[in-house]
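Okay, structure first, notes after.
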Amino acid sequence: MINFLDLKKINNRFRNEINSRIEKVLDKGWYLQGEENEIFSNNFAKYCGTKYALGVANGLDALNLIIKANGFSIGDEIIVPANTYIATILAISQNGCTPVLVEPDINTYNINPDLIEEKITKNTRAIMVVHLYGQAVQMQKIWDLAKKYNLKVFEDSAQAHGAIYNNKKVGNLSDASAFSFYPGKNLGCMGDGGAITTNDEELFKKIKAIANYGSDRKYHHIYKGVNSRLDEIQAAILDIKLKYLDKDNQKRSQIAKFYRENIKNDKIILPETYDEKAHVWHVFVVRTKNRDEFQEYLKSNNIQTIIHYPTPPHKQGAYKEWNHLSYPVTEKIHRTIISLPISPVMTDDEISKVVRVVNKY
């Protein structure tokens, strides 16, 4: 079986380094808000090109904290792509704000900048972009709209660690960015983890305090905060893997290039990118009309696939008040997409087999 993502094989490459670093944490006996977090946060900020980075418990918390720290609440609207993973939208609604859904571009799967302005109202406070599937959003029109209407811009960068737009990495394209380090991400830990990046010192300090029970120093609470901290072991693991992220992304890009050049089947629609540096290929998403049949065909040929994602947020039970709404482009994407195996540990034989089997479908 060609696994969609072999996490054991991915992480075994760093086994000795990870074991050594974990032993270091154990020897110190310090498990939260210690040296490992400081080292990783500094290195991740440097990698993204931002002044600040803060490790938090997970990607959803990162999104939540950004919105909370900006003081948005009931009645405030945040524009967000309709086809994102539900976490992006959950963060908005959990802060009492109203998510305003915008259709994506069918070619890039990212939010369609040309459809945003018509959704802006007197209650709009921010635009939350999502670098979906690993491709950086083309930000210029969004920056222009933000300036025109005095809006904040936030990034959900959970799937795009290392992607580049306009010579800047994601995480450095907005007022603040949220990252997830879920194990399957391009930069993944061995549990849950997340981070926030920003160049705004005041915002950074506020987020840091809110994430630690609203405390700016021990037993002194200036905000009604939460508990969202990246533990020392996960920070140590992430700092090790960060050194190899660009190399791993390069391998993903090579696989994607091979797929795009060699998959030749008119039943399969291949993904597009406007710039090779803009896409880190967190997943390689194709579209096909008979998705279930195609997935079973691949399974019968020992190729594992995953659907990212079968049901759009506005059709989920969690948002039943939206179930009657229609977003045709979003629904078409969610009805036809399927992700082929792609990872930095795939062999040439496995990559060639995927192509060969897909072409015979």
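Following the order of the structure tokens, chains are lettered A, B, ..., residues in each are numbered from 1, and ligands are numbered from 1.
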Contact check, stretch 266-352 of chain A to stretch 187-194 of chain A, at most 12 Å, counting only C-alpha atoms, closest pairs as JSON lines:
{"residue": "A:Val280", "atom": "CA", "partner": "A:Leu187", "partner_atom": "CA", "distance": 11.0}
{"residue": "A:His282", "atom": "CA", "partner": "A:Leu187", "partner_atom": "CA", "distance": 9.7}
{"residue": "A:Ser343", "atom": "CA", "partner": "A:Leu187", "partner_atom": "CA", "distance": 11.6}
{"residue": "A:Pro344", "atom": "CA", "partner": "A:Leu187", "partner_atom": "CA", "distance": 11.5}
Do a neighbour search on stretch 82-84 of chain A at 10 Å with only C-alpha atoms, toss out local chain neighbours closer than 5 positions, and write the hits as a list in words.
-> Ile89, Pro99, Val100, Leu101, Val102, Glu103, Pro104, Tyr109, Asn110, Ile111, Val129, Val130, His131, Leu132, Tyr133, Asp156, His308, Tyr309, Thr311, Pro312, Pro313, His314, Tyr327, Val329, Thr330, Glu331, Ile333 and His334 of chain A
Just asking: which residues within stretch 216-361 of chain A are strand (DSSP E or B) according to DSSP, as a PyMOL selection string?
-> chain A and resi 216-217+220-221+227+231+269+279+284-287+303+306+337-340
Output N, CA, C and O atoms of each residue in that selection to a file, as a compact mmCIF listing (two decimals), in the first residue's frame.
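The new file out_17.txt reads:
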# COMPACT_ATOMS: atom_id res chain seq x y z
N ASP A 216 0.11 38.93 32.53
CA ASP A 216 1.35 39.52 32.02
C ASP A 216 2.53 39.17 32.92
O ASP A 216 3.69 39.28 32.51
N ARG A 217 2.24 38.75 34.12
CA ARG A 217 3.24 38.18 35.02
C ARG A 217 2.52 37.29 36.02
O ARG A 217 1.29 37.37 36.17
N HIS A 220 -0.88 37.79 38.11
CA HIS A 220 -1.35 39.14 37.80
C HIS A 220 -2.08 39.08 36.47
O HIS A 220 -1.46 38.90 35.42
N HIS A 221 -3.42 39.21 36.50
CA HIS A 221 -4.25 38.93 35.33
C HIS A 221 -4.91 40.21 34.83
O HIS A 221 -5.75 40.79 35.53
N ASN A 227 -6.04 29.22 28.54
CA ASN A 227 -4.82 28.44 28.71
C ASN A 227 -4.47 27.80 27.39
O ASN A 227 -5.09 26.82 26.97
N ASP A 231 3.84 22.98 24.64
CA ASP A 231 4.71 22.42 25.66
C ASP A 231 6.15 22.30 25.16
O ASP A 231 6.43 22.37 23.96
N ILE A 269 -8.77 16.55 -13.28
CA ILE A 269 -8.37 17.95 -13.35
C ILE A 269 -7.26 18.18 -12.34
O ILE A 269 -7.43 17.97 -11.15
N HIS A 279 3.60 27.70 -3.66
CA HIS A 279 2.90 26.46 -3.27
C HIS A 279 3.88 25.50 -2.62
O HIS A 279 4.92 25.19 -3.17
N PHE A 284 -1.90 17.35 -2.56
CA PHE A 284 -2.01 17.44 -4.01
C PHE A 284 -3.44 17.05 -4.37
O PHE A 284 -3.80 15.87 -4.39
N VAL A 285 -4.25 18.08 -4.62
CA VAL A 285 -5.68 17.89 -4.82
C VAL A 285 -6.02 17.85 -6.31
O VAL A 285 -5.66 18.76 -7.06
N VAL A 286 -6.70 16.81 -6.72
CA VAL A 286 -7.23 16.74 -8.08
C VAL A 286 -8.75 16.71 -8.01
O VAL A 286 -9.33 16.47 -6.95
N ARG A 287 -9.38 16.96 -9.14
CA ARG A 287 -10.85 16.89 -9.20
C ARG A 287 -11.28 15.88 -10.25
O ARG A 287 -10.67 15.75 -11.30
N ILE A 303 -3.36 2.25 -3.39
CA ILE A 303 -2.99 3.66 -3.26
C ILE A 303 -4.02 4.33 -2.35
O ILE A 303 -5.20 4.37 -2.66
N ILE A 306 -7.16 10.67 0.45
CA ILE A 306 -8.01 11.34 1.45
C ILE A 306 -8.76 12.47 0.76
O ILE A 306 -8.26 13.06 -0.21
N ILE A 337 -13.22 16.93 -5.24
CA ILE A 337 -11.80 16.87 -4.92
C ILE A 337 -11.40 15.56 -4.24
O ILE A 337 -12.18 14.94 -3.53
N ILE A 338 -10.16 15.19 -4.48
CA ILE A 338 -9.55 14.04 -3.81
C ILE A 338 -8.03 14.26 -3.81
O ILE A 338 -7.48 14.77 -4.79
N SER A 339 -7.38 13.92 -2.72
CA SER A 339 -5.95 14.19 -2.56
C SER A 339 -5.13 12.92 -2.78
O SER A 339 -5.37 11.90 -2.13
N LEU A 340 -4.16 13.01 -3.69
CA LEU A 340 -3.26 11.91 -3.97
C LEU A 340 -2.10 11.91 -2.97
O LEU A 340 -1.79 12.94 -2.37
If you take only C-alpha atoms and a cut-off of 10 Å, which residues of stretch 64-92 of chain A touch stretch 145-155 of chain A, and what are their nearest atom pairs and distances in Å to one decimal, in chain and number order, as a Markdown table?
| residue | atom | partner | partner_atom | distance |
| --- | --- | --- | --- | --- |
| A:Ile66 | CA | A:Phe154 | CA | 8.1 |
| A:Ile67 | CA | A:Phe154 | CA | 8.8 |
| A:Asn70 | CA | A:Lys152 | CA | 9.1 |
| A:Ile78 | CA | A:Lys152 | CA | 9.2 |
| A:Ile79 | CA | A:Val153 | CA | 9.6 |
| A:Val80 | CA | A:Phe154 | CA | 9.8 |
| A:Thr88 | CA | A:Glu155 | CA | 9.7 |
Given the selection you just returned, output its residues as a file containing all heavy atoms, formatted as a CSV table (one decimal), in the first residue's frame.
chain,number,residue,atom,x,y,z
A,66,ILE,N,-6.0,35.5,18.0
A,66,ILE,CA,-5.8,36.6,17.1
A,66,ILE,C,-7.1,37.5,17.1
A,66,ILE,O,-7.0,38.7,17.3
A,66,ILE,CB,-5.4,36.2,15.7
A,66,ILE,CG1,-4.0,35.7,15.6
A,66,ILE,CG2,-5.6,37.4,14.7
A,66,ILE,CD1,-3.6,35.0,14.3
A,67,ILE,N,-8.2,36.8,16.9
A,67,ILE,CA,-9.5,37.6,16.9
A,67,ILE,C,-9.8,38.2,18.3
A,67,ILE,O,-10.2,39.3,18.4
A,67,ILE,CB,-10.6,36.6,16.5
A,67,ILE,CG1,-10.4,36.1,15.0
A,67,ILE,CG2,-12.0,37.3,16.5
A,67,ILE,CD1,-11.3,35.0,14.6
A,70,ASN,N,-7.7,41.3,19.1
A,70,ASN,CA,-8.1,42.5,18.4
A,70,ASN,C,-9.4,43.1,18.9
A,70,ASN,O,-9.8,44.1,18.4
A,70,ASN,CB,-8.2,42.1,16.9
A,70,ASN,CG,-6.9,42.2,16.2
A,70,ASN,OD1,-6.5,43.3,15.8
A,70,ASN,ND2,-6.2,41.1,16.1
A,78,ILE,N,-16.3,39.2,9.9
A,78,ILE,CA,-15.0,38.8,9.3
A,78,ILE,C,-15.2,38.0,8.1
A,78,ILE,O,-15.9,37.0,8.1
A,78,ILE,CB,-14.2,38.0,10.4
A,78,ILE,CG1,-13.9,38.9,11.6
A,78,ILE,CG2,-12.8,37.6,9.7
A,78,ILE,CD1,-13.2,38.1,12.7
A,79,ILE,N,-14.6,38.5,7.0
A,79,ILE,CA,-14.8,37.8,5.7
A,79,ILE,C,-13.8,36.6,5.7
A,79,ILE,O,-12.6,36.7,6.1
A,79,ILE,CB,-14.5,38.8,4.6
A,79,ILE,CG1,-15.6,39.8,4.5
A,79,ILE,CG2,-14.2,38.1,3.2
A,79,ILE,CD1,-15.4,41.0,3.5
A,80,VAL,N,-14.3,35.5,5.1
A,80,VAL,CA,-13.5,34.2,5.2
A,80,VAL,C,-13.9,33.4,4.0
A,80,VAL,O,-15.1,33.5,3.5
A,80,VAL,CB,-13.8,33.5,6.5
A,80,VAL,CG1,-15.3,33.1,6.6
A,80,VAL,CG2,-12.9,32.3,6.7
A,88,THR,N,-11.3,27.6,10.7
A,88,THR,CA,-11.2,29.0,10.4
A,88,THR,C,-12.5,29.7,10.8
A,88,THR,O,-12.5,30.8,11.4
A,88,THR,CB,-10.9,29.2,8.9
A,88,THR,OG1,-10.0,28.2,8.4
A,88,THR,CG2,-10.3,30.6,8.7
Long-range neighbours of A:Tyr213 as a PyMOL selection string, 10 Å cut-off, only C-alpha atoms, 5 positions minimum in chain | chain A and resi 208+218-228
To one decimal in Å, tell me the separation between atom CA of A:Gln135 and atom CA of A:Ala62.
->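 Separating atom CA of A:Gln135 from atom CA of A:Ala62 is a distance of 19.7 Å.
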